[in-house]
>>> print(open('query.cif').read())   # mmCIF, C-alpha atoms and all ligand atoms
data_run
loop_
_atom_site.label_atom_id
_atom_site.label_comp_id
_atom_site.auth_asym_id
_atom_site.auth_seq_id
_atom_site.Cartn_x
_atom_site.Cartn_y
_atom_site.Cartn_z
CA MET A 1 -19.92 -22.32 2.95
CA THR A 2 -17.25 -20.63 5.07
CA THR A 3 -13.76 -20.02 3.68
CA PRO A 4 -11.10 -22.19 5.38
CA PRO A 5 -8.38 -20.28 7.27
CA LEU A 6 -5.66 -18.80 5.10
CA HIS A 7 -2.94 -21.27 6.08
CA HIS A 8 -5.17 -24.26 5.27
CA ARG A 9 -6.16 -22.83 1.89
CA VAL A 10 -2.52 -22.45 0.91
CA ALA A 11 -1.43 -25.82 2.34
CA ASP A 12 -4.29 -27.67 0.62
CA ALA A 13 -3.66 -25.95 -2.73
CA PHE A 14 0.04 -26.75 -2.51
CA THR A 15 -0.51 -30.43 -1.84
CA GLN A 16 -3.27 -30.84 -4.43
CA VAL A 17 -1.38 -29.15 -7.26
CA HIS A 18 2.28 -29.81 -6.50
CA GLY A 19 2.09 -32.85 -4.23
CA GLY A 20 4.14 -33.29 -1.05
CA GLU A 21 5.02 -30.49 1.36
CA PRO A 22 6.41 -26.96 0.95
CA THR A 23 9.86 -26.23 2.37
CA LEU A 24 9.28 -22.50 2.92
CA TRP A 25 6.41 -20.29 4.10
CA VAL A 26 6.47 -16.52 3.58
CA ARG A 27 3.98 -13.79 4.47
CA ALA A 28 3.91 -10.14 3.38
CA PRO A 29 1.38 -7.63 4.73
CA GLY A 30 -0.97 -5.12 3.17
CA ARG A 31 -0.87 -1.59 4.51
CA VAL A 32 -2.83 1.41 5.59
CA ASN A 33 -1.41 4.91 5.27
CA LEU A 34 -1.94 7.11 8.33
CA ILE A 35 -0.91 10.31 6.52
CA GLY A 36 1.21 11.44 3.55
CA GLU A 37 -0.91 10.85 0.45
CA HIS A 38 0.51 11.06 -3.10
CA THR A 39 3.73 12.38 -1.58
CA ASP A 40 5.74 9.23 -2.37
CA TYR A 41 6.16 9.93 -6.10
CA ASN A 42 7.10 13.51 -5.18
CA ALA A 43 10.14 12.17 -3.28
CA GLY A 44 8.42 13.17 -0.03
CA PHE A 45 7.32 11.60 3.25
CA VAL A 46 4.69 8.98 4.12
CA LEU A 47 3.58 7.43 7.43
CA PRO A 48 1.95 4.04 6.77
CA CYS A 49 1.74 0.94 8.92
CA ALA A 50 1.66 -2.67 7.78
CA ILE A 51 -1.56 -4.43 8.80
CA ASP A 52 -2.35 -7.92 10.06
CA ARG A 53 -3.79 -8.89 6.64
CA GLN A 54 -1.35 -10.57 4.32
CA THR A 55 -0.43 -12.60 1.26
CA LEU A 56 0.82 -16.07 2.21
CA VAL A 57 3.11 -18.16 -0.01
CA ALA A 58 4.11 -21.81 0.41
CA ALA A 59 7.10 -22.78 -1.71
CA ARG A 60 9.54 -25.51 -2.69
CA PRO A 61 12.46 -25.19 -5.10
CA ARG A 62 12.49 -26.93 -8.52
CA SER A 63 15.58 -27.88 -10.45
CA ASP A 64 14.12 -27.57 -13.99
CA GLY A 65 13.80 -23.76 -14.16
CA GLN A 66 9.98 -23.86 -14.20
CA LEU A 67 7.86 -21.63 -11.96
CA ARG A 68 4.52 -23.29 -11.23
CA VAL A 69 2.06 -21.19 -9.25
CA VAL A 70 -1.39 -22.01 -7.94
CA ALA A 71 -3.62 -19.15 -6.76
CA ALA A 72 -5.87 -20.66 -4.11
CA ASP A 73 -8.10 -17.55 -4.08
CA MET A 74 -8.65 -17.64 -7.85
CA ALA A 75 -10.49 -20.97 -7.89
CA GLY A 76 -7.14 -22.74 -7.93
CA ALA A 77 -5.99 -21.09 -11.16
CA LEU A 78 -2.57 -22.29 -12.28
CA ASP A 79 0.24 -20.46 -14.04
CA ALA A 80 3.46 -22.06 -15.29
CA PHE A 81 6.38 -20.57 -17.20
CA SER A 82 10.15 -20.80 -17.55
CA THR A 83 12.29 -18.56 -15.32
CA GLN A 84 15.21 -19.05 -17.76
CA ALA A 85 13.65 -17.29 -20.79
CA PRO A 86 12.14 -13.82 -21.29
CA VAL A 87 8.85 -13.76 -19.36
CA PRO A 88 5.79 -12.87 -21.47
CA HIS A 89 2.68 -11.20 -20.07
CA HIS A 90 -0.21 -13.46 -19.19
CA ALA A 91 -3.01 -12.57 -21.57
CA SER A 92 -5.97 -13.12 -19.27
CA ALA A 93 -5.00 -13.47 -15.57
CA PRO A 94 -4.06 -10.14 -13.93
CA TRP A 95 -2.91 -11.89 -10.71
CA ALA A 96 -0.37 -13.92 -12.71
CA ASN A 97 1.26 -10.77 -14.07
CA TYR A 98 2.30 -9.67 -10.56
CA VAL A 99 4.19 -12.97 -10.18
CA ARG A 100 5.58 -12.84 -13.73
CA GLY A 101 6.62 -9.20 -13.24
CA VAL A 102 8.60 -10.11 -10.12
CA VAL A 103 10.41 -12.88 -12.01
CA ALA A 104 11.11 -10.53 -14.95
CA VAL A 105 12.71 -7.82 -12.78
CA LEU A 106 14.64 -10.43 -10.79
CA GLN A 107 15.99 -11.86 -14.05
CA ALA A 108 17.23 -8.40 -15.06
CA GLU A 109 18.74 -7.82 -11.62
CA LEU A 110 20.54 -11.18 -11.53
CA ALA A 111 21.69 -11.03 -15.15
CA ALA A 112 24.25 -8.42 -14.09
CA ARG A 113 25.69 -11.05 -11.71
CA GLY A 114 25.52 -13.77 -14.38
CA VAL A 115 22.96 -15.67 -12.31
CA ALA A 116 19.63 -17.15 -13.50
CA VAL A 117 16.37 -17.18 -11.52
CA GLN A 118 15.72 -20.68 -10.24
CA GLY A 119 12.38 -22.45 -10.59
CA ALA A 120 9.92 -23.20 -7.79
CA ASP A 121 6.51 -24.59 -6.94
CA LEU A 122 4.35 -21.93 -5.24
CA ALA A 123 0.87 -21.83 -3.69
CA ILE A 124 -0.53 -18.40 -2.87
CA ALA A 125 -3.56 -16.95 -1.06
CA GLY A 126 -4.25 -13.78 0.90
CA ASP A 127 -6.67 -12.00 3.19
CA VAL A 128 -5.84 -8.41 2.22
CA PRO A 129 -9.17 -7.13 0.85
CA GLN A 130 -8.73 -6.76 -2.91
CA GLY A 131 -9.62 -3.55 -4.72
CA ALA A 132 -9.94 -1.65 -1.42
CA GLY A 133 -6.68 0.30 -1.71
CA LEU A 134 -4.95 -1.73 1.03
CA SER A 135 -2.07 -2.90 -1.20
CA SER A 136 -2.98 -6.50 -1.86
CA SER A 137 -0.87 -6.31 -5.04
CA ALA A 138 2.23 -4.89 -3.30
CA SER A 139 1.94 -7.62 -0.67
CA LEU A 140 1.78 -10.25 -3.44
CA GLU A 141 4.84 -8.83 -5.20
CA VAL A 142 6.87 -8.53 -2.01
CA ALA A 143 5.86 -12.01 -0.81
CA VAL A 144 6.87 -13.65 -4.11
CA LEU A 145 10.13 -11.70 -4.26
CA HIS A 146 11.09 -12.64 -0.71
CA THR A 147 10.19 -16.27 -1.44
CA LEU A 148 12.36 -16.49 -4.55
CA SER A 149 15.18 -14.56 -2.86
CA THR A 150 15.12 -16.91 0.14
CA LEU A 151 14.93 -20.13 -1.91
CA GLN A 152 17.92 -18.99 -3.93
CA GLY A 153 19.85 -17.50 -0.98
CA LEU A 154 20.08 -14.08 -2.62
CA GLY A 155 19.95 -12.17 0.67
CA LEU A 156 18.20 -9.12 -0.82
CA ALA A 157 17.89 -6.22 1.64
CA ARG A 158 14.35 -5.06 2.41
CA PRO A 159 14.51 -1.66 0.64
CA ALA A 160 16.09 -3.40 -2.39
CA MET A 161 13.17 -5.82 -2.46
CA ALA A 162 10.74 -2.90 -2.28
CA LEU A 163 12.45 -1.20 -5.24
CA LEU A 164 12.36 -4.39 -7.31
CA ALA A 165 8.69 -4.97 -6.47
CA GLN A 166 7.89 -1.38 -7.47
CA ARG A 167 9.79 -1.90 -10.72
CA ALA A 168 7.69 -5.01 -11.43
CA GLU A 169 4.55 -2.94 -10.93
CA ASN A 170 5.79 0.04 -12.99
CA SER A 171 7.44 -1.75 -15.88
CA PHE A 172 5.61 -5.09 -16.14
CA VAL A 173 2.11 -4.60 -14.69
CA GLY A 174 2.02 -1.03 -16.04
CA CYS A 175 0.88 0.88 -12.92
CA GLN A 176 2.95 4.01 -12.24
CA CYS A 177 2.75 3.76 -8.43
CA GLY A 178 5.26 5.27 -6.01
CA ILE A 179 7.37 3.32 -3.51
CA MET A 180 5.21 3.53 -0.36
CA ASP A 181 3.23 0.31 -0.62
CA GLN A 182 6.19 -1.94 -1.40
CA MET A 183 8.38 -0.26 1.25
CA ILE A 184 5.90 -0.73 4.08
CA SER A 185 5.11 -4.31 3.03
CA ALA A 186 8.85 -5.04 3.09
CA CYS A 187 9.93 -2.98 6.13
CA GLY A 188 6.93 -2.63 8.48
CA GLU A 189 7.44 -3.16 12.22
CA PRO A 190 4.89 -4.66 14.63
CA GLY A 191 3.16 -2.02 16.77
CA HIS A 192 4.71 0.82 14.78
CA ALA A 193 4.00 3.16 11.92
CA LEU A 194 6.95 3.84 9.61
CA LEU A 195 8.00 7.34 8.60
CA ILE A 196 9.52 6.78 5.15
CA ASP A 197 11.65 9.29 3.30
CA CYS A 198 10.71 8.29 -0.25
CA ARG A 199 13.84 9.89 -1.69
CA SER A 200 16.52 8.29 0.50
CA LEU A 201 14.36 5.32 1.61
CA GLU A 202 15.45 5.99 5.18
CA THR A 203 12.84 4.89 7.67
CA ARG A 204 11.99 5.74 11.27
CA ALA A 205 9.70 3.44 13.22
CA VAL A 206 7.19 5.42 15.31
CA PRO A 207 5.45 3.42 18.06
CA LEU A 208 1.67 3.59 18.12
CA PRO A 209 0.69 4.72 21.62
CA SER A 210 -0.62 1.83 23.72
CA GLY A 211 -4.38 1.58 23.82
CA MET A 212 -4.73 3.05 20.31
CA ALA A 213 -6.70 1.25 17.61
CA VAL A 214 -6.12 1.43 13.87
CA VAL A 215 -9.52 1.15 12.20
CA ILE A 216 -10.03 0.90 8.43
CA VAL A 217 -13.48 1.58 7.04
CA HIS A 218 -14.37 0.77 3.43
CA SER A 219 -16.85 3.28 2.04
CA ARG A 220 -18.06 0.68 -0.49
CA VAL A 221 -17.52 3.30 -3.16
CA GLN A 222 -15.52 1.37 -5.74
CA ARG A 223 -12.42 3.25 -6.75
CA GLY A 224 -13.20 4.54 -10.24
CA LEU A 225 -10.78 5.80 -12.94
CA VAL A 226 -7.93 5.03 -10.54
CA ASP A 227 -5.16 4.67 -13.10
CA SER A 228 -6.03 7.58 -15.37
CA ALA A 229 -6.71 10.04 -12.52
CA TYR A 230 -3.62 8.86 -10.61
CA ASN A 231 -1.41 9.35 -13.65
CA GLU A 232 -2.95 12.77 -14.28
CA ARG A 233 -2.06 13.83 -10.70
CA ARG A 234 1.49 12.59 -11.27
CA ARG A 235 1.82 14.66 -14.44
CA GLN A 236 0.46 17.76 -12.69
CA CYS A 237 2.98 17.34 -9.87
CA GLU A 238 5.82 16.91 -12.38
CA ALA A 239 4.68 20.02 -14.25
CA ALA A 240 4.66 21.98 -10.99
CA ALA A 241 8.15 20.74 -10.05
CA ALA A 242 9.40 21.80 -13.50
CA HIS A 243 7.81 25.22 -13.01
CA TYR A 244 9.71 25.67 -9.74
CA GLY A 245 12.91 24.33 -11.31
CA VAL A 246 13.34 21.45 -8.83
CA PRO A 247 13.63 17.67 -9.29
CA ALA A 248 10.50 17.02 -7.18
CA LEU A 249 7.94 18.97 -5.12
CA ARG A 250 9.72 17.67 -2.01
CA ASP A 251 12.21 20.46 -2.72
CA VAL A 252 9.67 23.31 -2.41
CA ASN A 253 8.46 24.82 0.87
CA LEU A 254 5.24 26.78 1.36
CA ALA A 255 6.89 30.19 1.16
CA GLN A 256 8.64 29.26 -2.11
CA LEU A 257 5.41 27.81 -3.45
CA GLN A 258 3.55 31.04 -2.80
CA ALA A 259 6.35 33.31 -4.00
CA GLY A 260 6.73 31.47 -7.32
CA ALA A 261 3.04 30.98 -8.12
CA ALA A 262 2.91 33.44 -11.02
CA GLY A 263 2.61 31.63 -14.33
CA LEU A 264 1.24 28.41 -12.80
CA ASP A 265 -2.41 27.64 -13.57
CA ALA A 266 -4.75 27.52 -10.58
CA THR A 267 -5.37 23.75 -10.69
CA THR A 268 -1.68 22.82 -10.88
CA TYR A 269 -0.98 25.29 -8.05
CA ARG A 270 -3.55 23.58 -5.81
CA ARG A 271 -2.12 20.14 -6.65
CA ALA A 272 1.34 21.39 -5.66
CA ARG A 273 -0.02 23.01 -2.49
CA HIS A 274 -1.43 19.65 -1.39
CA ILE A 275 1.95 17.97 -1.79
CA VAL A 276 3.93 20.74 -0.08
CA THR A 277 1.57 21.01 2.90
CA GLU A 278 1.07 17.21 3.12
CA ASN A 279 4.82 16.64 3.41
CA GLN A 280 4.96 19.00 6.39
CA ARG A 281 1.84 17.47 7.95
CA THR A 282 3.40 14.01 7.65
CA LEU A 283 6.57 15.07 9.46
CA ASP A 284 4.45 16.83 12.11
CA ALA A 285 2.20 13.79 12.50
CA ALA A 286 5.20 11.51 13.09
CA GLU A 287 6.29 13.87 15.89
CA ALA A 288 2.79 14.04 17.36
CA LEU A 289 2.46 10.25 17.28
CA ALA A 290 5.88 9.77 18.88
CA LYS A 291 4.83 12.12 21.72
CA GLY A 292 1.40 10.51 22.08
CA ASP A 293 -0.19 13.88 21.21
CA LEU A 294 -3.45 12.51 19.81
CA ARG A 295 -5.14 15.89 19.62
CA ARG A 296 -2.46 17.27 17.33
CA LEU A 297 -2.58 14.07 15.28
CA GLY A 298 -6.33 14.47 14.85
CA VAL A 299 -5.94 18.06 13.65
CA LEU A 300 -3.30 17.02 11.11
CA MET A 301 -5.37 14.09 9.82
CA ALA A 302 -8.37 16.40 9.37
CA ALA A 303 -6.24 18.96 7.50
CA SER A 304 -4.88 16.16 5.31
CA HIS A 305 -8.39 15.09 4.37
CA ASP A 306 -9.47 18.66 3.60
CA SER A 307 -6.41 19.11 1.39
CA MET A 308 -7.13 15.87 -0.50
CA ARG A 309 -10.74 17.02 -0.96
CA ASP A 310 -10.16 20.65 -1.93
CA ASP A 311 -6.65 20.87 -3.44
CA PHE A 312 -5.83 17.41 -4.79
CA GLU A 313 -9.50 16.55 -5.50
CA ILE A 314 -9.22 12.81 -4.94
CA THR A 315 -11.99 12.21 -2.40
CA HIS A 316 -15.64 11.36 -3.07
CA PRO A 317 -18.73 12.93 -1.42
CA ALA A 318 -19.60 9.61 0.29
CA VAL A 319 -16.05 9.28 1.61
CA ASP A 320 -16.21 12.88 2.88
CA ARG A 321 -19.43 12.01 4.77
CA LEU A 322 -17.83 8.89 6.22
CA VAL A 323 -14.83 10.87 7.44
CA ALA A 324 -17.11 13.49 9.04
CA ILE A 325 -19.07 10.79 10.89
CA ALA A 326 -15.84 9.15 12.10
CA GLN A 327 -14.31 12.46 13.22
CA SER A 328 -17.39 13.34 15.22
CA ALA A 329 -17.56 9.84 16.81
CA ILE A 330 -13.85 9.88 17.72
CA GLY A 331 -13.78 13.32 19.35
CA PRO A 332 -10.53 15.24 19.88
CA GLU A 333 -8.25 12.32 20.89
CA GLY A 334 -7.33 10.83 17.49
CA GLY A 335 -8.53 11.42 13.95
CA ALA A 336 -9.77 10.13 10.61
CA ARG A 337 -9.09 10.77 6.93
CA MET A 338 -9.35 9.10 3.54
CA THR A 339 -6.41 6.79 2.96
CA GLY A 340 -4.71 5.50 -0.18
CA GLY A 341 -4.88 6.61 -3.79
CA GLY A 342 -8.43 7.96 -3.53
CA PHE A 343 -11.55 8.22 -5.72
CA GLY A 344 -13.44 5.97 -3.29
CA GLY A 345 -12.05 3.14 -1.18
CA CYS A 346 -11.19 3.37 2.51
CA ILE A 347 -10.78 5.81 5.37
CA VAL A 348 -8.41 5.26 8.29
CA ALA A 349 -9.16 6.20 11.89
CA LEU A 350 -6.76 6.28 14.83
CA LEU A 351 -8.53 6.34 18.17
CA PRO A 352 -8.50 4.99 21.73
CA GLN A 353 -9.57 1.34 21.69
CA ALA A 354 -12.35 2.12 24.17
CA ARG A 355 -14.04 4.32 21.56
CA VAL A 356 -14.09 1.70 18.78
CA PRO A 357 -17.59 0.34 19.62
CA ALA A 358 -19.03 3.88 19.55
CA LEU A 359 -17.35 4.52 16.19
CA GLN A 360 -18.75 1.28 14.77
CA ALA A 361 -22.25 2.10 16.05
CA ARG A 362 -22.23 5.60 14.57
CA ILE A 363 -21.04 4.35 11.18
CA ALA A 364 -23.64 1.55 11.14
CA ALA A 365 -26.43 3.99 12.02
CA GLU A 366 -25.46 6.97 9.88
CA TYR A 367 -23.56 5.78 6.78
CA ARG A 368 -24.69 4.14 3.57
CA ALA A 369 -22.83 4.12 0.25
CA PRO A 370 -24.63 5.72 -2.72
CA GLY A 371 -25.78 2.20 -3.69
CA GLY A 372 -27.23 1.64 -0.18
CA GLU A 373 -24.48 -0.68 1.13
CA PRO A 374 -23.26 -0.32 4.72
CA ALA A 375 -19.56 0.36 5.29
CA THR A 376 -17.18 -2.50 6.10
CA VAL A 377 -15.08 -2.00 9.23
CA TRP A 378 -11.77 -3.73 9.97
CA VAL A 379 -10.05 -3.21 13.33
CA CYS A 380 -6.36 -3.83 12.60
CA GLU A 381 -3.04 -4.17 14.33
CA ALA A 382 0.21 -2.74 13.04
CA ALA A 383 2.14 -5.78 11.77
CA GLY A 384 5.70 -6.58 10.76
CA GLY A 385 7.01 -6.53 7.19
CA VAL A 386 7.70 -9.52 4.95
CA GLY A 387 9.21 -12.59 6.56
CA ALA A 388 8.96 -16.27 7.25
CA ALA A 389 5.46 -17.39 8.21
C1 LIG B 401 -1.29 4.23 -4.33
C2 LIG B 401 0.13 4.11 -4.86
F1 LIG B 401 0.40 2.82 -5.18
C3 LIG B 401 1.13 4.62 -3.84
O1 LIG B 401 2.43 4.61 -4.40
C4 LIG B 401 0.77 6.03 -3.36
O2 LIG B 401 1.07 6.99 -4.36
C5 LIG B 401 -0.70 6.10 -2.96
O3 LIG B 401 -1.56 5.59 -3.98
C6 LIG B 401 -1.15 7.51 -2.64
O4 LIG B 401 -0.50 7.99 -1.51
O5 LIG B 401 -1.46 3.38 -3.23
#
>>> encode(input="query.cif", output="structure tokens")
Amino acid sequence: MTTPPLHHRVADAFTQVHGGEPTLWVRAPGRVNLIGEHTDYNAGFVLPCAIDRQTLVAARPRSDGQLRVVAADMAGALDAFSTQAPVPHHASAPWANYVRGVVAVLQAELAARGVAVQGADLAIAGDVPQGAGLSSSASLEVAVLHTLSTLQGLGLARPAMALLAQRAENSFVGCQCGIMDQMISACGEPGHALLIDCRSLETRAVPLPSGMAVVIVHSRVQRGLVDSAYNERRRQCEAAAAHYGVPALRDVNLAQLQAGAAGLDATTYRRARHIVTENQRTLDAAEALAKGDLRRLGVLMAASHDSMRDDFEITHPAVDRLVAIAQSAIGPEGGARMTGGGFGGCIVALLPQARVPALQARIAAEYRAPGGEPATVWVCEAAGGVGAA
């Protein structure tokens, strides 16, 4: 049986569960990060683009303060709770806690203004691959936040929505992520990557050169130990920043890193070196992309991958093989690297569209995951951030 198109799944679920028609449609995209990995929680720079895979929400306001949500992708699972009382965690449905977390942070935000969160009927589905590191959860949070904000006429600015969505993830869901995923889902621009300063939240849209393809390849290595290893990297970065006497590793350059290395253990030093060099590579990559200098971009993406493999130690041997195959298939005009939190998951490749078939053929012929599975390839377009659908 084939899955009906996204819009139909959401519309059907809405009508079956809530009856009648929605009054608002909202979409929020997933993302792929071109370069700048683990730099966001070090107050540094990232260069992601939003992708044409999204979470879609159909909504209608309610006057009784109830939020009733149907998840069309979860066999029509239903969640219902009051928006006017403290929001408890859902004991058994992880998806529901992203929605509940958004309501909880919105309650706290609006309490300062003496305003309550209004109720709504929602139907939700998405086509961002789940568990692949492409930010399906950030897109869900941002989509729900924008929906509630729009229904209630709150007029939240995009970076403010990103911060609230991150707070939902940090304080309610319990994942200590940085701000990148929520920022790009909120602020992405069609046809562009976004250079984000994760300290100031200033952004600069960098056009992708015409004729370039953004290709995401899933290694089919499931991301293991993501939370514990991610949090360990965070702690190591914080320890290194404390050693250098700065608020975040963003505030250290390579010369300072080298000059102050005494007293820092070798592992923490390498973690810090990844962040310091990755911040510079990200700024350089934004320049290279803006100039259409695909050779330079390819060199920087390769250096980023090597640094993630050797200094930050977040790649996987199968992902390293996949990146090597992609780099050799792409040639000098463009590049490839692991993307996202790491420990499995996806690689990203930027290359001339004309070379995509050759890349796909090489991956199909030469790559298998440790379990024997072939890679999954998605050819994507850089999409816009959250908005009306
Ligand atoms: C995950 C996190 F959610 C992001 O905040 C970021 O740290 C990323 O890993 C690594 O760059 O996607």
>>> axis_aligned_box(input="query.cif", around="ligand LIG 401 (chain B)", padding_each_side="5 Å", output="lines of an AutoDock Vina configuration file")
center_x = 0.4
center_y = 5.4
center_z = -3.3
size_x = 14.0
size_y = 15.2
size_z = 13.7
>>> residues_near_point(input="query.cif", point="(-2.2, 6.9, 0.1)", cutoff="8 Å", atoms="only C-alpha atoms", output="count of residues only")
10
>>> residues_around(input="query.cif", residues="Leu351 in chain A", least_positions_apart="4", cutoff="8 Å", atoms="only C-alpha atoms", output="short mmCIF file (atom, residue, chain, number, x, y, z; two decimals) with C-alpha atoms, in the frame of the given file")
data_model
loop_
_atom_site.label_atom_id
_atom_site.label_comp_id
_atom_site.auth_asym_id
_atom_site.auth_seq_id
_atom_site.Cartn_x
_atom_site.Cartn_y
_atom_site.Cartn_z
CA MET A 212 -4.73 3.05 20.31
CA ALA A 213 -6.70 1.25 17.61
CA VAL A 214 -6.12 1.43 13.87
CA VAL A 215 -9.52 1.15 12.20
CA ILE A 330 -13.85 9.88 17.72
CA GLU A 333 -8.25 12.32 20.89
CA GLY A 334 -7.33 10.83 17.49
CA GLY A 335 -8.53 11.42 13.95
CA ARG A 355 -14.04 4.32 21.56
CA VAL A 356 -14.09 1.70 18.78
#
>>> closest_residue(input="query.cif", among="A:Asn231, A:Ser200, A:Gln236, A:Thr277", to="Met308 in chain A", atoms="all atoms listed in the file")
A:Thr277
>>> closest_residue(input="query.cif", among="A:Ala389, A:Val69, A:Ala240, A:Ala302", to="Asn42 in chain A", atoms="all atoms listed in the file")
A:Ala240
>>> closest_residue(input="query.cif", among="A:Arg270, A:Arg31, A:Arg368, A:His89", to="ligand LIG 401 (chain B)", atoms="all atoms listed in the file")
A:Arg31
>>> atom_distance(input="query.cif", atom1="CA of Val105 in chain A", atom2="CA of Ser63 in chain A")
20.4 Å
>>> closest_residue(input="query.cif", among="A:Ala318, A:Ala388, A:Ala168, A:Ile216", to="Ala138 in chain A", atoms="all atoms listed in the file")
A:Ala168
>>> atom_distance(input="query.cif", atom1="CA of Gly344 in chain A", atom2="atom O3 of ligand LIG 401 (chain B)")
11.9 Å
>>> closest_residue(input="query.cif", among="A:Pro374, A:Thr150, A:Gly211, A:Asp40", to="ligand LIG 401 (chain B)", atoms="only C-alpha atoms and all ligand atoms")
A:Asp40
>>> residues_around(input="query.cif", residues="Glu238 in chain A", least_positions_apart="6", cutoff="9 Å", atoms="only C-alpha atoms", output="VMD selection string")
chain A and resid 42 247 to 249
>>> residues_around(input="query.cif", residues="His274 in chain A", least_positions_apart="6", cutoff="8 Å", atoms="all atoms listed in the file", output="PyMOL selection string")
chain A and resi 307-308+311-312
>>> build_atoms(input="query.cif", residues="range 150-169 of chain A", atoms="N, CA and C atoms", output="PDB file, in the frame of the given file")
ATOM      1  N   THR A 150      14.743 -15.993  -0.941  1.00  0.00           N
ATOM      2  CA  THR A 150      15.120 -16.910   0.140  1.00  0.00           C
ATOM      3  C   THR A 150      15.480 -18.289  -0.410  1.00  0.00           C
ATOM      4  N   LEU A 151      14.645 -18.794  -1.348  1.00  0.00           N
ATOM      5  CA  LEU A 151      14.930 -20.130  -1.910  1.00  0.00           C
ATOM      6  C   LEU A 151      16.305 -20.167  -2.549  1.00  0.00           C
ATOM      7  N   GLN A 152      16.677 -19.021  -3.159  1.00  0.00           N
ATOM      8  CA  GLN A 152      17.920 -18.990  -3.930  1.00  0.00           C
ATOM      9  C   GLN A 152      19.075 -18.425  -3.107  1.00  0.00           C
ATOM     10  N   GLY A 153      18.806 -18.042  -1.851  1.00  0.00           N
ATOM     11  CA  GLY A 153      19.850 -17.500  -0.980  1.00  0.00           C
ATOM     12  C   GLY A 153      20.430 -16.195  -1.473  1.00  0.00           C
ATOM     13  N   LEU A 154      19.565 -15.334  -2.036  1.00  0.00           N
ATOM     14  CA  LEU A 154      20.080 -14.080  -2.620  1.00  0.00           C
ATOM     15  C   LEU A 154      20.364 -13.015  -1.562  1.00  0.00           C
ATOM     16  N   GLY A 155      19.698 -13.119  -0.408  1.00  0.00           N
ATOM     17  CA  GLY A 155      19.950 -12.170   0.670  1.00  0.00           C
ATOM     18  C   GLY A 155      19.641 -10.722   0.294  1.00  0.00           C
ATOM     19  N   LEU A 156      18.549 -10.497  -0.432  1.00  0.00           N
ATOM     20  CA  LEU A 156      18.200  -9.120  -0.820  1.00  0.00           C
ATOM     21  C   LEU A 156      17.798  -8.325   0.417  1.00  0.00           C
ATOM     22  N   ALA A 157      18.297  -7.090   0.527  1.00  0.00           N
ATOM     23  CA  ALA A 157      17.890  -6.220   1.640  1.00  0.00           C
ATOM     24  C   ALA A 157      16.442  -5.779   1.420  1.00  0.00           C
ATOM     25  N   ARG A 158      15.775  -5.394   2.511  1.00  0.00           N
ATOM     26  CA  ARG A 158      14.350  -5.060   2.410  1.00  0.00           C
ATOM     27  C   ARG A 158      14.076  -3.882   1.469  1.00  0.00           C
ATOM     28  N   PRO A 159      14.793  -2.762   1.581  1.00  0.00           N
ATOM     29  CA  PRO A 159      14.510  -1.660   0.640  1.00  0.00           C
ATOM     30  C   PRO A 159      14.794  -2.069  -0.810  1.00  0.00           C
ATOM     31  N   ALA A 160      15.796  -2.932  -1.020  1.00  0.00           N
ATOM     32  CA  ALA A 160      16.090  -3.400  -2.390  1.00  0.00           C
ATOM     33  C   ALA A 160      14.931  -4.230  -2.918  1.00  0.00           C
ATOM     34  N   MET A 161      14.345  -5.037  -2.028  1.00  0.00           N
ATOM     35  CA  MET A 161      13.170  -5.820  -2.460  1.00  0.00           C
ATOM     36  C   MET A 161      12.017  -4.897  -2.818  1.00  0.00           C
ATOM     37  N   ALA A 162      11.834  -3.844  -1.999  1.00  0.00           N
ATOM     38  CA  ALA A 162      10.740  -2.900  -2.280  1.00  0.00           C
ATOM     39  C   ALA A 162      10.941  -2.246  -3.642  1.00  0.00           C
ATOM     40  N   LEU A 163      12.167  -1.851  -3.947  1.00  0.00           N
ATOM     41  CA  LEU A 163      12.450  -1.200  -5.240  1.00  0.00           C
ATOM     42  C   LEU A 163      12.185  -2.151  -6.402  1.00  0.00           C
ATOM     43  N   LEU A 164      12.597  -3.416  -6.244  1.00  0.00           N
ATOM     44  CA  LEU A 164      12.360  -4.390  -7.310  1.00  0.00           C
ATOM     45  C   LEU A 164      10.866  -4.633  -7.499  1.00  0.00           C
ATOM     46  N   ALA A 165      10.139  -4.731  -6.373  1.00  0.00           N
ATOM     47  CA  ALA A 165       8.690  -4.970  -6.470  1.00  0.00           C
ATOM     48  C   ALA A 165       8.009  -3.773  -7.146  1.00  0.00           C
ATOM     49  N   GLN A 166       8.456  -2.565  -6.811  1.00  0.00           N
ATOM     50  CA  GLN A 166       7.890  -1.380  -7.470  1.00  0.00           C
ATOM     51  C   GLN A 166       8.197  -1.412  -8.963  1.00  0.00           C
ATOM     52  N   ARG A 167       9.417  -1.842  -9.310  1.00  0.00           N
ATOM     53  CA  ARG A 167       9.790  -1.900 -10.720  1.00  0.00           C
ATOM     54  C   ARG A 167       8.899  -2.900 -11.466  1.00  0.00           C
ATOM     55  N   ALA A 168       8.590  -4.023 -10.804  1.00  0.00           N
ATOM     56  CA  ALA A 168       7.690  -5.010 -11.430  1.00  0.00           C
ATOM     57  C   ALA A 168       6.345  -4.362 -11.720  1.00  0.00           C
ATOM     58  N   GLU A 169       5.860  -3.584 -10.773  1.00  0.00           N
ATOM     59  CA  GLU A 169       4.550  -2.940 -10.930  1.00  0.00           C
ATOM     60  C   GLU A 169       4.605  -1.856 -12.018  1.00  0.00           C
TER      61      GLU A 169
END
